[in-house]
Amino acid sequence: MANEILNLTCKQLRDQIADGTVKSTKAVEAVFAQIEKAEPKIKAFLRTHKEEAMQKAADIDEKIANGDKVGSLAGVPIAVKDNICTSFSKTTCASKILEDFEAPYDAHVIEQLNAADAIIIGKCNLDEFAMGSSTENSGLQQTVNPWDADRVPGGSSGGSAAAVAGRMAFGSLGSDTGGSIRQPASFCGVVGLKPTYGRVSRYGLVAYGSSLDQIGPFTRNVEDAALMMNVIAGHDGRDSTSVTEKDAPVPDYTADIDKPIEGLKIGIVPRFNEGASDEVGKAVKASLDTYKSLGAEIVEIDMPYFDYAVATYYVIATAEASSNLARFDGVHYGHRTADPHDYVEVYSKSRDEAFGDEVKRRIMLGTYALSSGYYDAYYLKASKVRNLIRQDYTKAFEKVDCIMMPVSPTTAFKFGEKTDDPMQMYLADIYTIAANLAGVPGISVPCGFDSQNLPVGLQIFTPAFSEERLLRIARMYEKENDHNIVMPPLAK
Amino acid sequence: MSDLEYKVIVGLEIHVQLATRTKMFCSCELGFGQEPNTSVCPVCLGMPGSLPVMNKQAFEYSVMAGLALNCNIPSFTKWDRKSYYYPDLPKNYQISQYDLPMSEHGYIEIPLEDGSTKKIRILRAHLEEDAGKNTHTLGNFTAVDLNRAGTPLLEIVTEPDLSSGAEVKALAVELQRIVRYLGVSEADMQKGHMRFEPNVNLHITRGGQLYKTPISEVKNLNSFRALEGSVTYEAARQLDEFLETGITMESGNKRTYGWDDENNRTVLQREKEEAHDYRYFPDPDLVPVVMTPEWLDDIRSRLCEMPLAMEKRFVTEYGLSEYDAGVITSEKATADLFDNAVKAGADPKRVCNILTQTGAKLAKDKECSVAELGVNSENLTALAKMIDDGDVGASAAAQVFELMVETGDTPGQVAEKHNLIQKSDASEIESLVDAVLADNAQAVEQVQAGGKKSKKARGFIMGQVMQRSKGQANPKVVNQILAKKLG
């Protein structure tokens with residue numbers, strides 16, 4: 001029975017809870033039984049909240065039994081990345097500096113999940129302050145890839161991806177600043193969606209790169225991603241970058257999800273596949289063939305400024321991070337050094353003691369890029385290139401409905417493989433970063449396995465605020481294969 | 001030494017707290033004197049995950065001020081972060097405006113003592129959030145109160161066009177009058193609503209050569225007295241210093257001073273300016289503000305006549321003295337009260353006298369402004385007309401005004417009720433006069449005899465008439481009748 005429940009998708013579980021076939025309490029029990037079994041191996045969660053989850057599930061069951069109206073995710077266990085503030089538990093950002101931070105409020109997306117009667121079962125591990133591509137930078141624990149214990153789950157939302165892949169949650173939320181949802185989704189063999197910038201409120205997301213950050217869902221299939229989007233998308237007056245309903249109405253993402261896009265034109269940049277490993281390239285090519293067989297036309301496009309995305313990203317993201325993380329200083333928030341000599345030491349030692357290397361590296365990079373005399377050469381220049389990258393997408397979308405490419409040049413790499421060489425690590429995000437600079441939505445859909453049985457992801461982009469189209473295109477492929485049914489070894 | 005001449009050069013930075021109900025980027029209420037850290041929320045505390053949202057009212061207030069200062073209002077303006085570490089700064093950056101302020105290149109006209117005016121150029125005015133407050137009353141600890149954090153401030157920067165302490169004060173007074181007229185700031189100095197930082201130096205010519213003394217920046221002044229005093233003191237101090245040391249301005253010898261209010265002198269705070277690198281960059285959490293022509297027109301339509309223009313109009317159109325016009329326009333509500341009464345037909349000087357004499361005295365007793373006494377312009381007009389028509393005498397008018405304030409009644413009602421109406425009915429007064437003359441034959445004789453005692457006797461008779469009329473006889477009419485009867 002437990003396994004049967006775990007194999008359900010969000011939507012199936014939601015429907016069965018709603019019609020009384022399955023109790024939410026049973027689903028929560030099943031999830032926690034799975035957590036007991038798989039979590040010691042995977043370590044996706046920084047904290048779980050079984051008691052509260054059981055209580056809430058019981059309430060939902062009672063409501064349903066009474067015939068009361070419930071939300072669209074009623075009774076479904078969901079996990080949340082630990083850089084999203086929750087009033088019921090700590091929000092650590094996997095950093096020693098915030099190890100004991102308890103936000104006095106819920107993030108907008110948490111309010112939305114609660115309003116949809118979802119059950120938040122725990123907070124997931126990440127790269128400290130969402131900085132990284134492997135979750136190896138977590139200041140608190142190491143999450144492993146559910147497909148191979150020697151390999152990273154990807155990052156920075158590695159915990160959220162591993163929780164869903166490991167069948168320990170039916171869906172989860174992550175945040176994506178330069179690929180932090182799509183890349184771990186591809187490494188862990190689940191669906192990961194980065195919405196358009198401004199589509200989902202960032203209120204309550206502890207900022208890394210404010211102009212790039214976006215919250216999005218991890219799910220086992222595309223339809224569930226649409227279901228999650230229905231809950232989290234929409235205007236929030238507390239985030240001034242959140243787009244209004246008037247400017248971009250939120251459709252029902254599930255309504256037409258099964259309707260394929262007729263006469264689909266797919267843009268590809270041929271040289272991008274060459275940059276990926278053979279096996280990744282092969283899997284992506286095979287998925288393009290699937291689309292062709294569905295009547296899609298492949299159109300070669302050029303994105304000349306794409307090559308500058310990584311460099312641009314590391315100037316803009318680190319500049320914003322250096323400023324966003326200034327509040328963690330031992331005075332206002334976070335760890336305070338034990339015996340400071342003077343007040344400057346309160347700042348410098350507290351920060352030195354509690355920030356991890358990668359966070360320090362990025363703060364230093366950003367501080368440098370913004371400092372007087374260098375601003376024009378770095379930050380300003382990067383902002384200009386960012387506009388050119390945006391134009392790359394705009395021009396491409398004049399010719400095609402969507403753009404497809406790999407998510408990552410390789411499948412999940414081994415622990416320690418890239419930690420000594422930050423540049424190698426940064427280049428792991430080469431295919432994902434540009435979408436954050438341009439603000440367009442992107443999705444990672446499982447598109448097969450390599451010879452070591454590691455998942456490969458296909459990445460799809462559509463224009464800003466066209467998630468509905470993006471999801472339909474992804475769903476077209478998903479219906480033709482069953483990659484997402486396979487259970488990873490560590491979940492068993 | 002005799003060929004030495006110098007000019008005082010002053011530029012001002014002024015922070016004006018806007019009179020919005022809530023803070024610049026959150027909905028916490030602005031306040032003064034609350035318990036520490038009671039008017040705070042995740043946003044103004046800079047909590048992880050919180051985001052700022054612009055207070056539209058604050059922006060519109062700033063635009064109003066910008067327009068009143070004759071500034072250009074750009075159609076596009078953005079927010080920047082200014083970074084520095086300080087315990088009273090929750091995010092360790094302040095949201096401000098750097099290279100694209102919401103208004104720039106304006107001027108303020110200030111009245112000078114000789115009755116002329118001078119234009120002081122405004123470099124820019126931009127919006128920013130205030131920091132909190134550190135207090136050092138806990139021994140080894142510093143306590144931080146963040147109630148003030150996030151308060152909207154308009155920072156106005158003038159060009160160095162001011163040339164004396166008196167001018168600096170005149171600007172400050174004029175600016176206070178302007179923002180109060182607009183209603184965009186209470187501009188209460190004691191509550192720190194206006195804070196000034198003058199930058200002072202001297203341009204000295206000696207032996208045909210120009211010397212510039214090092215610039216002193218005097219921090220955080222919040223009274224007109226301190227402002228004027230600090231500039232005057234700095235000018236004298238710099239001249240002495242130059243004569244003694246010959247020190248001139250080089251890069252890096254700008255100095256920061258504080259003001260010692262007790263000893264009326266500036267006090268050196270920092271000799272060497274710390275090399276600040278604020279690392280300004282556009283705040284990615286806030287969208288830029290696009291000012292449409294429609295929006296700007298709408299804001300412009302909320303402007304009122306500016307105080308100096310009103311003051312000049314009262315002199316030229318209404319014939320007030322410059323002094324009276326200045327007093328009347330020191331506060332908008334009083335100026336409006338006056339203006340409305342005059343527009344309704346009252347004699348300007350008459351209304352002015354009521355307000356600046358009786359009104360001002362009463363307001364002082366009640367510790368409020370003249371306008372706050374609660375007399376409306378209709379009643380003011382009516383009172384002025386009653387005086388003109390001889391219905392109330394001068395001293396009775398003062399009484400009537402006081403009673404109007406107390407009761408809220410019209411001057412007619414008040415005068416009636418308290419028998420303050422002056423009688424001008426000639427026949428009635430004539431019979432009174434006849435009675436008095438009949439009863440005081442000796443005095444009549446003295447008057448008619450002329451000489452020393454005549455004037456005194458006439459006064460006595462006059463007094464008797466007034467007494468019998470219980471003060472209600474119009475003295476003018478009494479005099480006319482007496483003249484007729486006594487010659």
# chains A, B, ... in the order shown; residues from 1 in each chain; ligands from 1
>>> interface_residues(of="chain B", to="chain A", cutoff="6 Å", atoms="only C-alpha atoms", output="VMD selection string")
chain B and resid 48 to 50 53 91 to 92 279 284 286
>>> write_last_selection(atoms="N, CA and C atoms", output="PDB file, in the first residue's frame")
ATOM      1  N   PRO B  48      15.912  38.650   6.513  1.00  0.00           N
ATOM      2  CA  PRO B  48      16.144  37.803   5.347  1.00  0.00           C
ATOM      3  C   PRO B  48      14.825  37.473   4.648  1.00  0.00           C
ATOM      4  N   GLY B  49      14.784  37.652   3.346  1.00  0.00           N
ATOM      5  CA  GLY B  49      13.589  37.309   2.588  1.00  0.00           C
ATOM      6  C   GLY B  49      12.602  38.447   2.422  1.00  0.00           C
ATOM      7  N   SER B  50      12.753  39.509   3.217  1.00  0.00           N
ATOM      8  CA  SER B  50      11.799  40.610   3.097  1.00  0.00           C
ATOM      9  C   SER B  50      12.170  41.486   1.908  1.00  0.00           C
ATOM     10  N   VAL B  53       8.771  47.774  -0.802  1.00  0.00           N
ATOM     11  CA  VAL B  53       7.812  48.238  -1.809  1.00  0.00           C
ATOM     12  C   VAL B  53       7.661  49.745  -1.621  1.00  0.00           C
ATOM     13  N   LYS B  91      20.018  46.619   6.910  1.00  0.00           N
ATOM     14  CA  LYS B  91      20.444  45.789   5.787  1.00  0.00           C
ATOM     15  C   LYS B  91      21.917  45.990   5.474  1.00  0.00           C
ATOM     16  N   ASN B  92      22.525  46.921   6.191  1.00  0.00           N
ATOM     17  CA  ASN B  92      23.883  47.368   5.891  1.00  0.00           C
ATOM     18  C   ASN B  92      23.997  48.001   4.512  1.00  0.00           C
ATOM     19  N   ARG B 279      29.850  51.756  -2.907  1.00  0.00           N
ATOM     20  CA  ARG B 279      29.480  50.707  -3.860  1.00  0.00           C
ATOM     21  C   ARG B 279      28.013  50.810  -4.300  1.00  0.00           C
ATOM     22  N   PRO B 284      18.050  45.862  -7.071  1.00  0.00           N
ATOM     23  CA  PRO B 284      17.305  44.933  -7.923  1.00  0.00           C
ATOM     24  C   PRO B 284      15.950  44.537  -7.351  1.00  0.00           C
ATOM     25  N   LEU B 286      13.714  46.725  -6.387  1.00  0.00           N
ATOM     26  CA  LEU B 286      12.737  47.778  -6.666  1.00  0.00           C
ATOM     27  C   LEU B 286      12.728  48.105  -8.150  1.00  0.00           C
TER      28      LEU B 286
END
>>> select_by_dssp(residues="region 77-303 of chain A", states="strand (DSSP E)", output="VMD selection string")
chain A and resid 77 to 81 119 to 124 171 to 176 191 to 194 214 to 219 265 to 268 297 to 300
>>> closest_residue(among="A:Gly281, A:Gly295, A:Pro249, A:Pro40", to="Glu262 (chain A)", atoms="only C-alpha atoms")
A:Gly295
>>> residues_around(residues="Asp258 (chain A)", least_positions_apart="4", cutoff="9 Å", atoms="only C-alpha atoms", output="list of chain:residue names")
A:Glu223, A:Thr254, A:Arg472, A:Arg475, A:Met476, A:Lys479
>>> residues_around(residues="Leu154 (chain B)", least_positions_apart="2", cutoff="9 Å", atoms="only C-alpha atoms", output="PyMOL selection string")
chain B and resi 14-18+58+62+65+125-129+152+156
>>> write_last_selection(atoms="C-alpha atoms", output="CSV table (one decimal), in the first residue's frame")
chain,number,residue,atom,x,y,z
B,14,ILE,CA,19.2,69.2,3.9
B,15,HIS,CA,17.3,66.2,5.0
B,16,VAL,CA,13.6,66.7,5.2
B,17,GLN,CA,11.4,64.0,6.7
B,18,LEU,CA,8.2,63.6,4.7
B,58,ALA,CA,6.3,59.6,-0.4
B,62,SER,CA,9.0,64.6,-3.1
B,65,ALA,CA,8.7,69.6,-3.3
B,125,ALA,CA,16.8,66.4,-4.5
B,126,HIS,CA,16.4,62.7,-4.0
B,127,LEU,CA,14.5,60.3,-1.9
B,128,GLU,CA,16.0,57.8,0.6
B,129,GLU,CA,15.2,55.9,3.7
B,152,PRO,CA,11.2,58.7,4.1
B,156,ILE,CA,18.1,68.4,-0.9
>>> closest_atom_pairs(of="region 140-232 of chain B", to="region 308-317 of chain B", cutoff="10 Å", atoms="only C-alpha atoms", output="CSV")
residue,atom,partner,partner_atom,distance
B:Glu174,CA,B:Leu308,CA,7.9
B:Arg177,CA,B:Leu308,CA,8.9
B:Ile178,CA,B:Leu308,CA,8.6
>>> write_last_selection(atoms="N, CA and C atoms", output="PDB file, in the first residue's frame")
ATOM      1  N   GLU B 174      12.922  79.600   4.703  1.00  0.00           N
ATOM      2  CA  GLU B 174      12.098  79.601   3.495  1.00  0.00           C
ATOM      3  C   GLU B 174      11.729  78.169   3.106  1.00  0.00           C
ATOM      4  N   ARG B 177       9.085  76.903   5.319  1.00  0.00           N
ATOM      5  CA  ARG B 177       7.806  77.482   4.940  1.00  0.00           C
ATOM      6  C   ARG B 177       7.252  76.752   3.702  1.00  0.00           C
ATOM      7  N   ILE B 178       8.121  76.476   2.734  1.00  0.00           N
ATOM      8  CA  ILE B 178       7.674  75.833   1.489  1.00  0.00           C
ATOM      9  C   ILE B 178       7.121  74.432   1.753  1.00  0.00           C
TER      10      ILE B 178
END
